[in-house]
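**Q** Below is the structure I would like to discuss, written out as structure tokens.
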Amino acid sequence: MKLIVGLGNPGIEYQFTPHNIGFLEIDRLAEQCGVMVDNRHCKALTARTRMGNEEVLLAKPETYMNLSGVSVFELVQKYELDPQKDLLVIYDELDLPLGSIRIRARGSSAGHNGIQSIISALGTQEVARIRLGIAPDHPVKDGVRYVLGQFKKSQLPKLDELLDLGAQAVNGYSSATRLWDRRAQSCAREHMPRRA
């Protein structure tokens with residue numbers, strides 16, 4: 001089994017915020033797979049599905065972003081998963097423009113509290129992740145206010161494209177016999193949209 005975790009904050013007030021793009025990606029994957037992410041256990045909303053030949057558990061931790069590791073640790077333990085091989089985490093990245101994506105097989109948290117919580121809980125930086133760019137096309141003065149504010153209507157088309165791109169990246173991951181196929185390991189692991 002593979003565990004795909006999208007990071008975010010529970011509650012309707014956070015639903016369409018940039019910080020919740022991980023949750024939005026899990027919802028997009030669930031929609032494509034024809035499942036509902038509504039099974040509560042291990043402090044997360046989850047859904048079981050299949051992607052290619054893999055059984056997959058989609059999860060949205062309900063611990064709030066900064067404690068995501070609590071839920072992920074419980075899920076990894078319950079399903080006896082190897083985080084280095086069986087876990088993929090999806091979350092927002094303010095250092096990347098909205099519409100871009102970056103895939104990494106490992107690394108530090110780069111200051112993101114959600115992935116830092118997971119790294120701390122699991123005791124390893126060997127956690128695969130997909131970072132979805134959320135930065136607007138203008139300087140952000142207050143990062144916290146931006147990531148916890150609602151997406152602007154003008155951003156929604158790019159957001160929709162980004163969620164599709166994220167789903168393609170996840171499907172590429174899940175169809176591989178290992179967590180990362182040769183192409184993902186050898187590529188620059190980055191897609192940046194062209195500027196007009």
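Letters for chains follow the order of the structure tokens (A, B, ...), residue numbers begin at 1 for each chain, and ligand numbers begin at 1 in the order shown.
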For segment 48-63 of chain A, work out the shell of residues within 10 Å, counting only C-alpha atoms and skipping chain neighbours fewer than 5 positions away, then give it as a PyMOL selection string.
**A** chain A and resi 1-11+20+22-27+29-30+33-43+68-72+75+79+86-89+170-177
**Q** Atoms to include: N, CA and C atoms. Write the selected residues as a compact mmCIF listing (two decimals), in the first residue's frame.
**A**
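Generated file (again_35.txt):
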# COMPACT_ATOMS: atom_id res chain seq x y z
N MET A 1 0.84 -1.20 0.00
CA MET A 1 0.00 0.00 0.00
C MET A 1 0.88 1.24 0.00
N LYS A 2 0.40 2.27 -0.69
CA LYS A 2 1.05 3.57 -0.69
C LYS A 2 0.16 4.54 0.06
N LEU A 3 0.77 5.46 0.78
CA LEU A 3 0.06 6.48 1.52
C LEU A 3 0.35 7.83 0.88
N ILE A 4 -0.69 8.51 0.43
CA ILE A 4 -0.56 9.84 -0.16
C ILE A 4 -1.27 10.82 0.75
N VAL A 5 -0.50 11.74 1.31
CA VAL A 5 -1.00 12.67 2.31
C VAL A 5 -0.97 14.08 1.74
N GLY A 6 -2.09 14.77 1.79
CA GLY A 6 -2.15 16.18 1.45
C GLY A 6 -2.24 16.98 2.74
N LEU A 7 -1.45 18.05 2.85
CA LEU A 7 -1.43 18.82 4.08
C LEU A 7 -2.36 20.03 3.99
N GLY A 8 -2.93 20.38 5.14
CA GLY A 8 -3.82 21.53 5.22
C GLY A 8 -4.36 21.66 6.63
N ASN A 9 -5.34 22.52 6.78
CA ASN A 9 -6.02 22.74 8.06
C ASN A 9 -7.48 22.36 7.91
N PRO A 10 -8.05 21.68 8.91
CA PRO A 10 -9.47 21.34 8.85
C PRO A 10 -10.32 22.58 9.08
N GLY A 11 -11.54 22.55 8.60
CA GLY A 11 -12.48 23.65 8.84
C GLY A 11 -12.80 24.40 7.56
N ASN A 20 -4.03 25.24 2.07
CA ASN A 20 -4.78 23.98 2.00
C ASN A 20 -4.69 23.31 0.64
N GLY A 22 -2.75 21.15 -0.42
CA GLY A 22 -2.55 19.71 -0.26
C GLY A 22 -3.88 18.98 -0.11
N PHE A 23 -4.78 19.53 0.69
CA PHE A 23 -6.13 18.97 0.83
C PHE A 23 -6.86 19.02 -0.50
N LEU A 24 -6.74 20.14 -1.20
CA LEU A 24 -7.42 20.29 -2.49
C LEU A 24 -6.91 19.25 -3.49
N GLU A 25 -5.62 18.96 -3.44
CA GLU A 25 -5.05 17.94 -4.34
C GLU A 25 -5.58 16.56 -4.01
N ILE A 26 -5.70 16.25 -2.74
CA ILE A 26 -6.27 14.95 -2.34
C ILE A 26 -7.72 14.86 -2.81
N ASP A 27 -8.47 15.96 -2.69
CA ASP A 27 -9.85 15.96 -3.18
C ASP A 27 -9.91 15.74 -4.69
N LEU A 29 -7.69 14.10 -6.52
CA LEU A 29 -7.35 12.69 -6.76
C LEU A 29 -8.54 11.79 -6.42
N ALA A 30 -9.20 12.07 -5.31
CA ALA A 30 -10.36 11.28 -4.91
C ALA A 30 -11.47 11.37 -5.96
N CYS A 33 -10.65 9.28 -8.85
CA CYS A 33 -10.74 7.85 -8.53
C CYS A 33 -12.15 7.41 -8.17
N GLY A 34 -13.08 8.38 -8.04
CA GLY A 34 -14.46 8.04 -7.71
C GLY A 34 -14.67 7.63 -6.28
N VAL A 35 -13.88 8.20 -5.36
CA VAL A 35 -14.04 7.89 -3.93
C VAL A 35 -14.25 9.18 -3.14
N MET A 36 -14.71 9.03 -1.91
CA MET A 36 -14.91 10.15 -1.00
C MET A 36 -13.90 10.02 0.14
N VAL A 37 -13.26 11.12 0.48
CA VAL A 37 -12.30 11.12 1.59
C VAL A 37 -13.08 11.47 2.86
N ASP A 38 -13.71 10.44 3.43
CA ASP A 38 -14.59 10.70 4.57
C ASP A 38 -14.49 9.64 5.67
N ASN A 39 -13.52 8.74 5.59
CA ASN A 39 -13.33 7.74 6.62
C ASN A 39 -12.37 8.31 7.67
N ARG A 40 -12.83 8.46 8.91
CA ARG A 40 -12.00 9.06 9.96
C ARG A 40 -11.27 7.98 10.74
N HIS A 41 -9.95 8.04 10.69
CA HIS A 41 -9.12 7.25 11.60
C HIS A 41 -7.70 7.79 11.58
N CYS A 42 -6.96 7.48 12.63
CA CYS A 42 -5.58 7.96 12.79
C CYS A 42 -5.52 9.49 12.67
N LYS A 43 -6.53 10.16 13.20
CA LYS A 43 -6.59 11.63 13.19
C LYS A 43 -6.53 12.21 11.77
N SER A 68 0.86 17.83 11.66
CA SER A 68 0.59 16.80 10.64
C SER A 68 1.31 15.50 10.93
N GLY A 69 2.50 15.58 11.51
CA GLY A 69 3.28 14.39 11.80
C GLY A 69 2.60 13.42 12.74
N VAL A 70 1.76 13.92 13.64
CA VAL A 70 1.05 13.05 14.59
C VAL A 70 0.18 12.06 13.82
N SER A 71 -0.60 12.57 12.89
CA SER A 71 -1.49 11.72 12.09
C SER A 71 -0.70 10.81 11.14
N VAL A 72 0.28 11.39 10.45
CA VAL A 72 1.06 10.60 9.49
C VAL A 72 1.79 9.46 10.19
N LEU A 75 -0.69 6.69 10.86
CA LEU A 75 -1.04 5.98 9.62
C LEU A 75 0.09 5.04 9.18
N TYR A 79 -0.52 0.86 9.16
CA TYR A 79 -0.44 0.09 7.92
C TYR A 79 0.94 -0.50 7.67
N ASP A 86 6.94 4.18 0.81
CA ASP A 86 5.48 4.10 0.68
C ASP A 86 4.74 5.40 0.93
N LEU A 87 5.43 6.48 1.24
CA LEU A 87 4.78 7.73 1.62
C LEU A 87 5.07 8.84 0.62
N LEU A 88 4.05 9.57 0.25
CA LEU A 88 4.17 10.76 -0.59
C LEU A 88 3.36 11.87 0.08
N VAL A 89 3.99 13.03 0.28
CA VAL A 89 3.34 14.16 0.94
C VAL A 89 3.19 15.30 -0.06
N VAL A 170 1.25 12.64 -9.29
CA VAL A 170 0.92 11.55 -8.38
C VAL A 170 0.68 10.26 -9.15
N ASN A 171 -0.04 10.34 -10.26
CA ASN A 171 -0.31 9.13 -11.05
C ASN A 171 0.98 8.55 -11.61
N GLY A 172 1.93 9.39 -11.97
CA GLY A 172 3.23 8.89 -12.40
C GLY A 172 3.94 8.16 -11.28
N TYR A 173 3.81 8.69 -10.08
CA TYR A 173 4.40 8.07 -8.90
C TYR A 173 3.75 6.73 -8.61
N SER A 174 2.42 6.69 -8.64
CA SER A 174 1.72 5.48 -8.22
C SER A 174 1.81 4.35 -9.24
N SER A 175 2.09 4.67 -10.50
CA SER A 175 2.17 3.61 -11.50
C SER A 175 3.55 2.97 -11.55
N ALA A 176 4.51 3.57 -10.86
CA ALA A 176 5.87 3.01 -10.83
C ALA A 176 5.90 1.81 -9.89
N THR A 177 6.81 0.89 -10.15
CA THR A 177 6.94 -0.26 -9.26
C THR A 177 7.63 0.12 -7.97
**Q** Please identify the alpha helix (DSSP H) residues within segment 47-89 of chain A (assignment by DSSP from backbone atoms) and present them as a list in words.
**A**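 Alpha helix (DSSP H) members of segment 47-89 of chain A, listed: Ser68, Gly69, Val70, Ser71, Val72, Phe73, Glu74, Leu75, Val76, Gln77, Lys78, Pro83, Gln84, Lys85 and Asp86 of chain A.
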**Q** Can you work out the spacing between atom CA of Arg28 of chain A and atom CA of Ser109 of chain A in Å, to one decimal?
**A**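 Between atom CA of Arg28 of chain A and atom CA of Ser109 of chain A the gap works out to 24.4 Å.
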**Q** Using only C-alpha atoms, which of A:Ser100, A:Thr46, A:Pro136, A:Pro18 sits nearest Ser154 of chain A?
**A**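 Comparing A:Ser100, A:Thr46, A:Pro136, A:Pro18 against Ser154 of chain A, the winner is A:Pro136.
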**Q** When you count only C-alpha atoms, which of these residues is closest to Arg102 of chain A: A:Leu165, A:Leu156, A:Ile118, A:Ile12?
**A**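 With only C-alpha atoms as the atom set, the closest residue is A:Leu165.
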**Q** So which residues touch Ser108 of chain A within 9 Å, counting only C-alpha atoms, skipping near sequence neighbours fewer than 2 positions away, as a list in words?
**A**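 That gives Arg106, Ala110, Gly111, Ile115, Gln116, Ile119, Gln125 and Glu126 of chain A.
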**Q** Please produce a file of the residues just selected, as a PDB file, in the first residue's frame, where the atoms kept are C-alpha atoms.
**A**
ATOM      1  CA  ARG A 106      13.982  13.743   0.228  1.00  0.00           C
ATOM      2  CA  ALA A 110      12.773  24.489   4.120  1.00  0.00           C
ATOM      3  CA  GLY A 111      10.785  26.130   6.912  1.00  0.00           C
ATOM      4  CA  ILE A 115       6.518  18.722   6.501  1.00  0.00           C
ATOM      5  CA  GLN A 116       8.804  19.522   9.466  1.00  0.00           C
ATOM      6  CA  ILE A 119      10.073  14.685   9.396  1.00  0.00           C
ATOM      7  CA  GLN A 125      14.088  13.496   5.886  1.00  0.00           C
ATOM      8  CA  GLU A 126      13.752  10.616   3.393  1.00  0.00           C
TER       9      GLU A 126
END
